[in-house]
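K.L.:
File name model.txt; file contents compact mmCIF, C-alpha atoms; full text below.
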```
# COMPACT_ATOMS: atom_id res chain seq x y z
CA MET A 515 89.31 -1.20 -64.51
CA GLN A 516 90.99 1.09 -67.05
CA LEU A 517 89.60 4.62 -67.06
CA SER A 518 90.05 4.92 -70.82
CA ARG A 519 87.50 2.10 -71.26
CA VAL A 520 84.84 3.81 -69.14
CA ASP A 521 82.08 5.87 -70.77
CA MET A 522 82.13 9.03 -68.64
CA ASN A 523 78.48 9.68 -69.50
CA LEU A 524 77.61 6.70 -67.32
CA LEU A 525 78.97 8.53 -64.28
CA VAL A 526 76.68 11.47 -65.06
CA TYR A 527 73.78 9.00 -65.36
CA LEU A 528 74.64 7.45 -62.01
CA ASP A 529 74.78 10.84 -60.32
CA ALA A 530 71.33 11.71 -61.65
CA LEU A 531 69.93 8.33 -60.61
CA LEU A 532 71.28 8.67 -57.08
CA ARG A 533 69.89 12.19 -56.79
CA GLU A 534 66.43 11.41 -58.21
CA ARG A 535 65.97 7.78 -57.05
CA SER A 536 63.94 7.31 -60.23
CA VAL A 537 64.83 6.24 -63.76
CA THR A 538 62.07 8.44 -65.19
CA ARG A 539 63.02 11.57 -63.27
CA ALA A 540 66.76 11.05 -63.91
CA ALA A 541 66.08 10.70 -67.65
CA HIS A 542 63.98 13.88 -67.65
CA LYS A 543 66.67 15.79 -65.77
CA LEU A 544 69.34 14.87 -68.33
CA GLY A 545 67.02 15.31 -71.31
CA ILE A 546 67.24 11.73 -72.53
CA SER A 547 64.61 9.02 -73.01
CA GLN A 548 63.61 6.60 -70.27
CA PRO A 549 64.81 3.57 -72.29
CA ALA A 550 68.21 5.27 -72.71
CA MET A 551 68.47 5.81 -68.96
CA SER A 552 67.38 2.20 -68.29
CA ASN A 553 70.09 1.01 -70.66
CA GLY A 554 72.58 3.25 -68.87
CA LEU A 555 71.62 1.72 -65.51
CA ARG A 556 72.13 -1.76 -66.94
CA ARG A 557 75.63 -0.80 -68.15
CA LEU A 558 76.42 0.77 -64.78
CA ARG A 559 75.45 -2.46 -63.01
CA ASP A 560 77.81 -4.36 -65.30
CA LEU A 561 80.57 -1.80 -64.77
CA PHE A 562 80.44 -1.91 -60.97
CA ALA A 563 79.28 -5.52 -60.66
CA ASP A 564 76.53 -4.31 -58.33
CA PRO A 565 72.76 -3.58 -58.70
CA LEU A 566 73.39 -0.01 -57.45
CA LEU A 567 69.63 0.82 -57.26
CA ILE A 568 66.97 -1.69 -56.23
CA ARG A 569 63.23 -1.20 -56.58
CA THR A 570 61.54 -1.30 -53.16
CA SER A 571 58.27 -0.10 -51.66
CA ASP A 572 59.99 3.26 -51.09
CA GLY A 573 61.07 3.52 -54.73
CA MET A 574 64.59 3.01 -56.08
CA THR A 575 66.88 2.43 -53.10
CA PRO A 576 70.70 2.66 -53.43
CA THR A 577 72.75 -0.35 -52.40
CA GLU A 578 75.62 -0.11 -49.93
CA ARG A 579 78.04 0.11 -52.86
CA ALA A 580 76.04 2.98 -54.38
CA ARG A 581 76.00 4.90 -51.09
CA GLU A 582 79.76 4.41 -50.88
CA LEU A 583 80.22 5.74 -54.42
CA GLU A 584 77.89 8.74 -54.11
CA PRO A 585 80.19 11.28 -52.34
CA MET A 586 83.22 10.28 -54.39
CA LEU A 587 81.22 10.50 -57.60
CA ARG A 588 79.89 13.96 -56.75
CA LEU A 589 83.38 15.28 -55.96
CA ALA A 590 84.82 13.78 -59.16
CA LEU A 591 82.11 15.33 -61.34
CA GLN A 592 82.55 18.72 -59.69
CA SER A 593 86.27 18.57 -60.45
CA LEU A 594 85.63 17.58 -64.06
CA GLU A 595 83.20 20.49 -64.48
CA LYS A 596 85.94 22.88 -63.37
CA VAL A 597 88.30 21.33 -65.91
CA VAL A 598 85.98 21.76 -68.88
CA GLN A 599 84.28 25.06 -68.06
CA PRO A 600 85.56 28.17 -69.92
CA ARG A 601 88.30 30.11 -68.20
CA ALA A 602 87.09 33.14 -66.33
CA HIS A 603 87.61 36.60 -67.81
CA PHE A 604 90.61 38.46 -66.40
CA ASP A 605 89.46 41.40 -64.27
CA ALA A 606 92.36 43.86 -64.33
CA LEU A 607 90.79 46.26 -61.83
CA GLU A 608 90.39 43.54 -59.20
CA SER A 609 93.49 41.48 -59.95
CA ARG A 610 96.37 41.15 -57.48
CA ARG A 611 98.58 39.26 -59.91
CA VAL A 612 102.34 39.71 -60.00
CA PHE A 613 103.82 39.64 -63.51
CA ARG A 614 107.45 38.56 -63.63
CA ILE A 615 109.25 40.34 -66.45
CA MET A 616 112.87 40.01 -67.41
CA ALA A 617 113.89 43.29 -69.02
CA SER A 618 117.19 44.69 -70.16
CA ASP A 619 118.25 47.98 -68.62
CA TYR A 620 117.34 49.59 -71.94
CA ALA A 621 113.79 48.19 -71.93
CA GLU A 622 113.34 48.83 -68.23
CA SER A 623 114.24 52.51 -68.47
CA THR A 624 112.41 53.31 -71.73
CA LEU A 625 109.25 51.19 -71.62
CA LEU A 626 108.42 50.25 -68.04
CA PRO A 627 107.81 53.73 -66.58
CA ALA A 628 105.01 54.32 -69.10
CA LEU A 629 103.68 50.81 -68.48
CA LEU A 630 103.60 51.45 -64.74
CA ARG A 631 101.59 54.65 -65.25
CA ARG A 632 98.96 52.71 -67.20
CA LEU A 633 98.86 49.96 -64.57
CA THR A 634 98.25 52.51 -61.83
CA VAL A 635 95.02 53.51 -63.58
CA GLU A 636 93.84 50.27 -65.18
CA ALA A 637 95.09 47.62 -62.74
CA PRO A 638 96.08 49.25 -59.43
CA GLY A 639 96.47 45.91 -57.67
CA VAL A 640 98.80 44.39 -60.28
CA ALA A 641 102.53 44.35 -59.45
CA LEU A 642 105.62 43.94 -61.61
CA ASP A 643 108.61 41.83 -60.58
CA VAL A 644 111.33 43.09 -62.91
CA MET A 645 114.39 40.89 -63.25
CA THR A 646 117.71 41.37 -65.00
CA PRO A 647 118.99 39.11 -67.80
CA SER A 648 121.39 37.42 -65.37
CA ASP A 649 118.45 36.35 -63.18
CA VAL A 650 116.88 33.96 -65.68
CA ASN A 651 117.66 31.51 -68.48
CA PHE A 652 115.81 29.94 -71.41
CA SER A 653 114.46 27.15 -69.19
CA ASP A 654 112.83 29.66 -66.82
CA VAL A 655 110.97 31.23 -69.73
CA GLU A 656 110.08 27.91 -71.34
CA GLN A 657 108.59 26.58 -68.09
CA GLY A 658 106.55 29.76 -67.54
CA ARG A 659 108.40 30.73 -64.35
CA VAL A 660 108.97 34.11 -66.01
CA ASP A 661 105.97 35.71 -67.71
CA MET A 662 107.95 37.36 -70.45
CA VAL A 663 111.29 38.72 -71.58
CA ILE A 664 111.68 42.17 -73.13
CA ASN A 665 115.07 42.50 -74.77
CA ARG A 666 116.89 42.25 -78.08
CA PHE A 667 118.16 38.86 -79.20
CA ASP A 668 120.46 37.33 -81.76
CA SER A 669 118.49 34.05 -81.70
CA LEU A 670 115.60 32.42 -79.84
CA PRO A 671 114.19 28.89 -79.45
CA GLN A 672 111.59 28.25 -82.15
CA SER A 673 108.98 27.22 -79.57
CA PHE A 674 108.87 30.71 -78.01
CA HIS A 675 106.23 33.23 -79.00
CA GLN A 676 107.50 36.71 -79.79
CA MET A 677 106.40 40.17 -80.87
CA THR A 678 108.43 43.19 -81.89
CA VAL A 679 107.78 45.97 -79.39
CA TRP A 680 109.48 48.63 -81.49
CA THR A 681 112.39 49.43 -83.79
CA ASP A 682 115.07 51.84 -82.62
CA ASN A 683 118.03 53.59 -84.21
CA PHE A 684 121.43 54.33 -82.71
CA CYS A 685 122.88 57.70 -81.83
CA CYS A 686 125.98 59.00 -80.08
CA MET A 687 126.06 61.02 -76.87
CA LEU A 688 129.03 63.09 -75.80
CA SER A 689 129.83 66.02 -73.60
CA THR A 690 129.02 69.50 -74.87
CA ASP A 691 132.63 70.29 -73.94
CA ASN A 692 134.04 67.57 -76.11
CA PRO A 693 136.40 69.22 -78.66
CA ILE A 694 135.25 66.93 -81.50
CA LEU A 695 131.60 67.99 -81.18
CA GLU A 696 131.77 70.38 -84.15
CA HIS A 697 133.79 67.92 -86.24
CA PHE A 698 132.11 64.63 -85.45
CA SER A 699 133.68 62.48 -88.13
CA LEU A 700 134.57 58.78 -88.24
CA VAL A 701 138.22 59.68 -87.81
CA ASN A 702 137.55 61.67 -84.64
CA TYR A 703 135.10 59.02 -83.43
CA LEU A 704 137.83 56.37 -83.65
CA LYS A 705 140.40 58.65 -81.98
CA SER A 706 138.14 59.06 -78.94
CA ARG A 707 137.58 56.70 -76.04
CA HIS A 708 134.22 54.96 -75.68
CA VAL A 709 131.70 53.54 -73.20
CA TRP A 710 130.44 50.09 -74.20
CA VAL A 711 126.96 48.99 -73.07
CA SER A 712 126.07 45.31 -73.01
CA LYS A 713 123.24 44.19 -75.26
CA THR A 714 122.41 41.71 -72.44
CA GLY A 715 120.94 38.31 -73.13
CA TYR A 716 120.21 35.39 -70.81
CA GLY A 717 122.08 33.86 -67.92
CA VAL A 718 124.78 34.96 -65.58
CA GLY A 719 127.12 37.42 -67.23
CA VAL A 720 130.88 37.04 -67.46
CA GLY A 721 133.68 39.50 -68.00
CA VAL A 722 134.11 41.09 -71.41
CA ASP A 723 137.10 40.29 -73.59
CA PRO A 724 137.79 43.44 -75.69
CA SER A 725 139.66 41.36 -78.26
CA ASP A 726 136.62 39.17 -78.98
CA VAL A 727 134.89 41.56 -81.37
CA GLN A 728 132.15 39.09 -82.32
CA LYS A 729 130.80 39.16 -78.77
CA LEU A 730 130.87 42.94 -78.37
CA GLY A 731 127.66 43.53 -80.30
CA PHE A 732 126.24 45.59 -83.17
CA VAL A 733 128.48 48.65 -83.06
CA ASP A 734 131.79 46.84 -82.84
CA ASP A 735 130.73 44.22 -85.37
CA ILE A 736 129.97 46.95 -87.94
CA LEU A 737 133.30 48.64 -87.26
CA HIS A 738 135.07 45.30 -87.59
CA GLN A 739 133.45 44.79 -91.01
CA MET A 740 134.85 48.21 -91.96
CA GLY A 741 138.29 47.17 -90.79
CA LYS A 742 138.05 49.57 -87.84
CA LYS A 743 138.07 49.27 -84.06
CA ARG A 744 137.12 51.71 -81.33
CA ASP A 745 138.98 52.29 -78.09
CA ILE A 746 136.72 51.16 -75.24
CA ALA A 747 137.51 52.65 -71.84
CA VAL A 748 134.50 51.40 -69.84
CA PHE A 749 132.31 48.31 -70.10
CA THR A 750 128.92 48.61 -68.40
CA ARG A 751 125.59 46.81 -68.40
CA HIS A 752 123.55 49.92 -67.62
CA TYR A 753 122.42 52.54 -70.14
CA GLN A 754 121.83 55.18 -67.47
CA VAL A 755 125.40 54.77 -66.22
CA ALA A 756 126.72 54.96 -69.77
CA MET A 757 124.92 58.25 -70.39
CA LEU A 758 126.26 59.75 -67.17
CA LEU A 759 129.77 58.71 -68.18
CA ALA A 760 129.24 60.47 -71.51
CA GLU A 761 129.38 63.74 -69.59
CA GLU A 762 133.13 63.22 -69.33
CA ASN A 763 134.60 65.25 -72.17
CA ASN A 764 136.78 62.44 -73.50
CA LEU A 765 134.12 59.70 -73.71
CA ILE A 766 131.50 58.79 -76.32
CA VAL A 767 128.57 56.44 -75.79
CA THR A 768 126.78 54.91 -78.78
CA ILE A 769 123.30 53.81 -77.72
CA PRO A 770 119.71 53.38 -78.95
CA ALA A 771 117.95 56.70 -79.51
CA ARG A 772 115.09 55.91 -77.13
CA ALA A 773 117.59 55.47 -74.31
CA ALA A 774 119.39 58.67 -75.25
CA HIS A 775 116.08 60.52 -75.20
CA LEU A 776 115.96 60.02 -71.41
CA GLN A 777 118.84 62.52 -71.15
CA ALA A 778 117.66 64.79 -73.96
CA ARG A 779 117.24 67.77 -71.58
CA ASN A 780 120.65 67.34 -69.98
CA PRO A 781 122.52 70.57 -70.85
CA ARG A 782 125.87 68.81 -70.43
CA LEU A 783 125.17 66.26 -73.18
CA ALA A 784 124.90 66.53 -76.94
CA VAL A 785 123.44 63.95 -79.33
CA LYS A 786 124.94 63.24 -82.73
CA ALA A 787 124.16 60.81 -85.53
CA PRO A 788 126.79 58.05 -85.76
CA PRO A 789 129.47 58.78 -88.38
CA PHE A 790 128.80 55.36 -89.94
CA VAL A 791 125.69 53.27 -90.62
CA ILE A 792 124.46 51.07 -87.75
CA PRO A 793 121.48 48.78 -88.43
CA SER A 794 118.34 49.42 -86.39
CA LEU A 795 117.69 47.21 -83.38
CA LEU A 796 114.48 45.32 -82.65
CA LEU A 797 113.19 45.26 -79.09
CA LYS A 798 111.22 42.04 -78.70
CA MET A 799 108.76 40.63 -76.20
CA VAL A 800 109.13 36.85 -75.76
CA TRP A 801 107.04 34.36 -73.78
CA SER A 802 106.43 30.65 -73.28
CA PRO A 803 103.78 28.70 -75.24
CA LEU A 804 102.56 27.53 -71.81
CA LEU A 805 101.29 31.06 -71.12
CA HIS A 806 100.13 31.97 -74.60
CA HIS A 807 96.39 31.44 -73.98
CA ASP A 808 96.26 32.62 -70.36
CA PRO A 809 93.73 35.52 -70.19
CA ALA A 810 95.83 37.58 -67.77
CA HIS A 811 98.93 37.08 -69.89
CA ARG A 812 97.10 38.05 -73.05
CA TRP A 813 95.91 41.21 -71.29
CA ILE A 814 99.39 42.31 -70.16
CA ARG A 815 100.81 41.62 -73.63
CA ARG A 816 98.18 43.83 -75.26
CA LEU A 817 98.79 46.55 -72.68
CA ILE A 818 102.55 46.49 -73.27
CA MET A 819 102.05 46.83 -77.02
CA ASP A 820 99.56 49.66 -76.53
CA VAL A 821 102.03 51.48 -74.28
CA ALA A 822 104.87 50.96 -76.76
CA GLU A 823 102.81 52.49 -79.58
CA GLU A 824 102.07 55.56 -77.44
CA ILE A 825 105.78 56.26 -76.84
CA PRO A 826 106.98 58.40 -79.78
CA ALA A 827 110.26 57.57 -81.44
CA PRO A 828 112.74 60.39 -80.74
CA TYR A 829 114.22 62.43 -83.54
CA PHE A 830 117.64 63.96 -82.91
```
Would you mind giving the structure from this file in structure tokens?
P.N.:
Amino acid sequence: MQLSRVDMNLLVYLDALLRERSVTRAAHKLGISQPAMSNGLRRLRDLFADPLLIRTSDGMTPTERARELEPMLRLALQSLEKVVQPRAHFDALESRRVFRIMASDYAESTLLPALLRRLTVEAPGVALDVMTPSDVNFSDVEQGRVDMVINRFDSLPQSFHQMTVWTDNFCCMLSTDNPILEHFSLVNYLKSRHVWVSKTGYGVGVGVDPSDVQKLGFVDDILHQMGKKRDIAVFTRHYQVAMLLAEENNLIVTIPARAAHLQARNPRLAVKAPPFVIPSLLLKMVWSPLLHHDPAHRWIRRLIMDVAEEIPAPYF
């Protein structure tokens, strides 16, 4: 018997008949006419090749086959009801869910502290499992093993959902003792040594080749278009480390302004506008279509966007 050829309504009829032991009462329970229920019983007898219910002095009595079917039928219908019933509302206050988020060091340091403060109040039982870009790949996101990715990207699979968390501009940080501070020109910028920070994407990272300008990112690509090249002394994947290295009086770090704002009160660091135009970056939130309609996932996405809007863009 092929399931696709079975009218599932008949199984509901059979359940009612076995519960009520009466065609009339079963019809009334389901809100259909008695002739319709009688017709359903006839079709059920054809389907199972068994009388199923026989009229006796005690009323409609189930056959051995019907008694065998009854517990399996009840379990199957209960499972189907769970399948078709609306998904329960996500209760943030009671939830113990762990959200797995891949975030770049930039996103982790600028966005997640504020997000955690909101979670402490609105969802105290919710936990974050924050992973680095080298921990996951596109397949992990596509399969929903990672709830979302917060990073900046050159390209993404078309199937992924995405939202722009915010737009950020670049700035330069250097030591207050740096002799070029008062004459921060392109010439002096290029004469100095620099700290490079990875834009970080997916997958396990590999060593950086300083000669491969196309893979160095926004800043070096713009300089290359200008026919220029900066002297990179340190390659790092961590914005906090880069800003600490900027305290050395011979190093410059060129980073997003929101990251630089984390060290805005550091008396040993000064912030300057880049001596050339660098396009703004877009921090994006990306997730799998498998999770798009999940109530808990929709809730955390809305919360992240709310938090992002509450974080003011710095002005240096």
K.L.:
Would you list the contacts of range 583-597 of chain A as number ranges by chain, taking every protein, DNA or RNA residue within 10 Å and counting only C-alpha atoms, but skipping same-chain residues closer than 5 positions in sequence?
P.N.:
A: 522, 525-526, 528-529, 532-533, 566, 576-578
K.L.:
Using only C-alpha atoms, pick whichever of A:Met616, A:Met574, A:Leu531, A:Leu758 has the shortest atom-to-atom distance to Leu776 in chain A.
P.N.:
A:Leu758
K.L.:
Tell me, as a list in words, which residues lie within 7 Å of range 685-702 of chain A, counting all atoms listed in the file; anything in the same chain fewer than 5 positions away does not count.
P.N.:
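The residues satisfying every condition are Ala760, Glu761, Glu762, Asn763, Asn764, Leu765, Ile766, Val767, Thr768, Ile769, Pro770, Ala771, Arg782, Leu783, Ala784, Val785, Lys786, Ala787, Pro788, Pro789 and Phe790 of chain A.
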K.L.:
If you measure from CA of Asp734 in chain A to CA of Ser618 in chain A, what distance in Å do you get, rounded to one decimal?
P.N.:
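Calculated distance between CA of Asp734 in chain A and CA of Ser618 in chain A is 19.5 Å.
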K.L.:
Need the neighbours of (132.1, 49.3, -73.5): which residues are at most 8 Å away, counting only C-alpha atoms, as a PyMOL selection string?
P.N.:
chain A and resi 708-712+746-750
K.L.:
Limited to C-alpha atoms, could you put the picked residues into a file as a PDB file, keeping the file's coordinate frame?
P.N.:
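New file out.pdb:
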```pdb
ATOM      1  CA  HIS A 708     134.220  54.960 -75.680  1.00  0.00           C
ATOM      2  CA  VAL A 709     131.700  53.540 -73.200  1.00  0.00           C
ATOM      3  CA  TRP A 710     130.440  50.090 -74.200  1.00  0.00           C
ATOM      4  CA  VAL A 711     126.960  48.990 -73.070  1.00  0.00           C
ATOM      5  CA  SER A 712     126.070  45.310 -73.010  1.00  0.00           C
ATOM      6  CA  ILE A 746     136.720  51.160 -75.240  1.00  0.00           C
ATOM      7  CA  ALA A 747     137.510  52.650 -71.840  1.00  0.00           C
ATOM      8  CA  VAL A 748     134.500  51.400 -69.840  1.00  0.00           C
ATOM      9  CA  PHE A 749     132.310  48.310 -70.100  1.00  0.00           C
ATOM     10  CA  THR A 750     128.920  48.610 -68.400  1.00  0.00           C
TER      11      THR A 750
END
```
K.L.:
For Leu626 in chain A, which of A:Met677, A:Ile664, A:Asp735, A:Lys742 is the closest residue, counting only C-alpha atoms?
P.N.:
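When distances to Leu626 in chain A are compared using only C-alpha atoms, the smallest one comes from A:Ile664.
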K.L.:
So which one's closest to Leu607 in chain A, A:Pro638, A:Met740, A:Ser794, A:Leu630? Using only C-alpha atoms, please.
P.N.:
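Closest to Leu607 in chain A of all the choices is A:Pro638.
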K.L.:
Rounded to one decimal place, report the CA of Leu642 in chain A-CA of Pro809 in chain A distance in Å.
P.N.:
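Taking CA of Leu642 in chain A and CA of Pro809 in chain A, their separation equals 16.9 Å.
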K.L.:
Counting only C-alpha atoms, which residues sit no farther than 9 Å from the position (95.2, 45.9, -58.6) in the file's frame? I'd like them as a list in words.
P.N.:
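So the residues meeting the distance criterion are Ala606, Leu607, Glu608, Ser609, Arg610, Arg611, Leu633, Thr634, Glu636, Ala637, Pro638, Gly639, Val640 and Ala641 of chain A.
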K.L.:
What does the distance from CA of Val660 in chain A to CA of Pro627 in chain A come to in Å, to one decimal?
P.N.:
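Going from CA of Val660 in chain A over to CA of Pro627 in chain A covers 19.7 Å.
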K.L.:
Here is a test: counting only C-alpha atoms, which residue of A:Val791, A:Val679, A:Leu555, A:Ala773 is nearest to Arg815 in chain A?
P.N.:
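Closest residue, counting only C-alpha atoms: A:Val679.
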K.L.:
Counting all atoms listed in the file, figure out which residue out of A:Ile546, A:Leu561, A:Ile615, A:Leu817 gets nearest to Arg519 in chain A.
P.N.:
A:Leu561
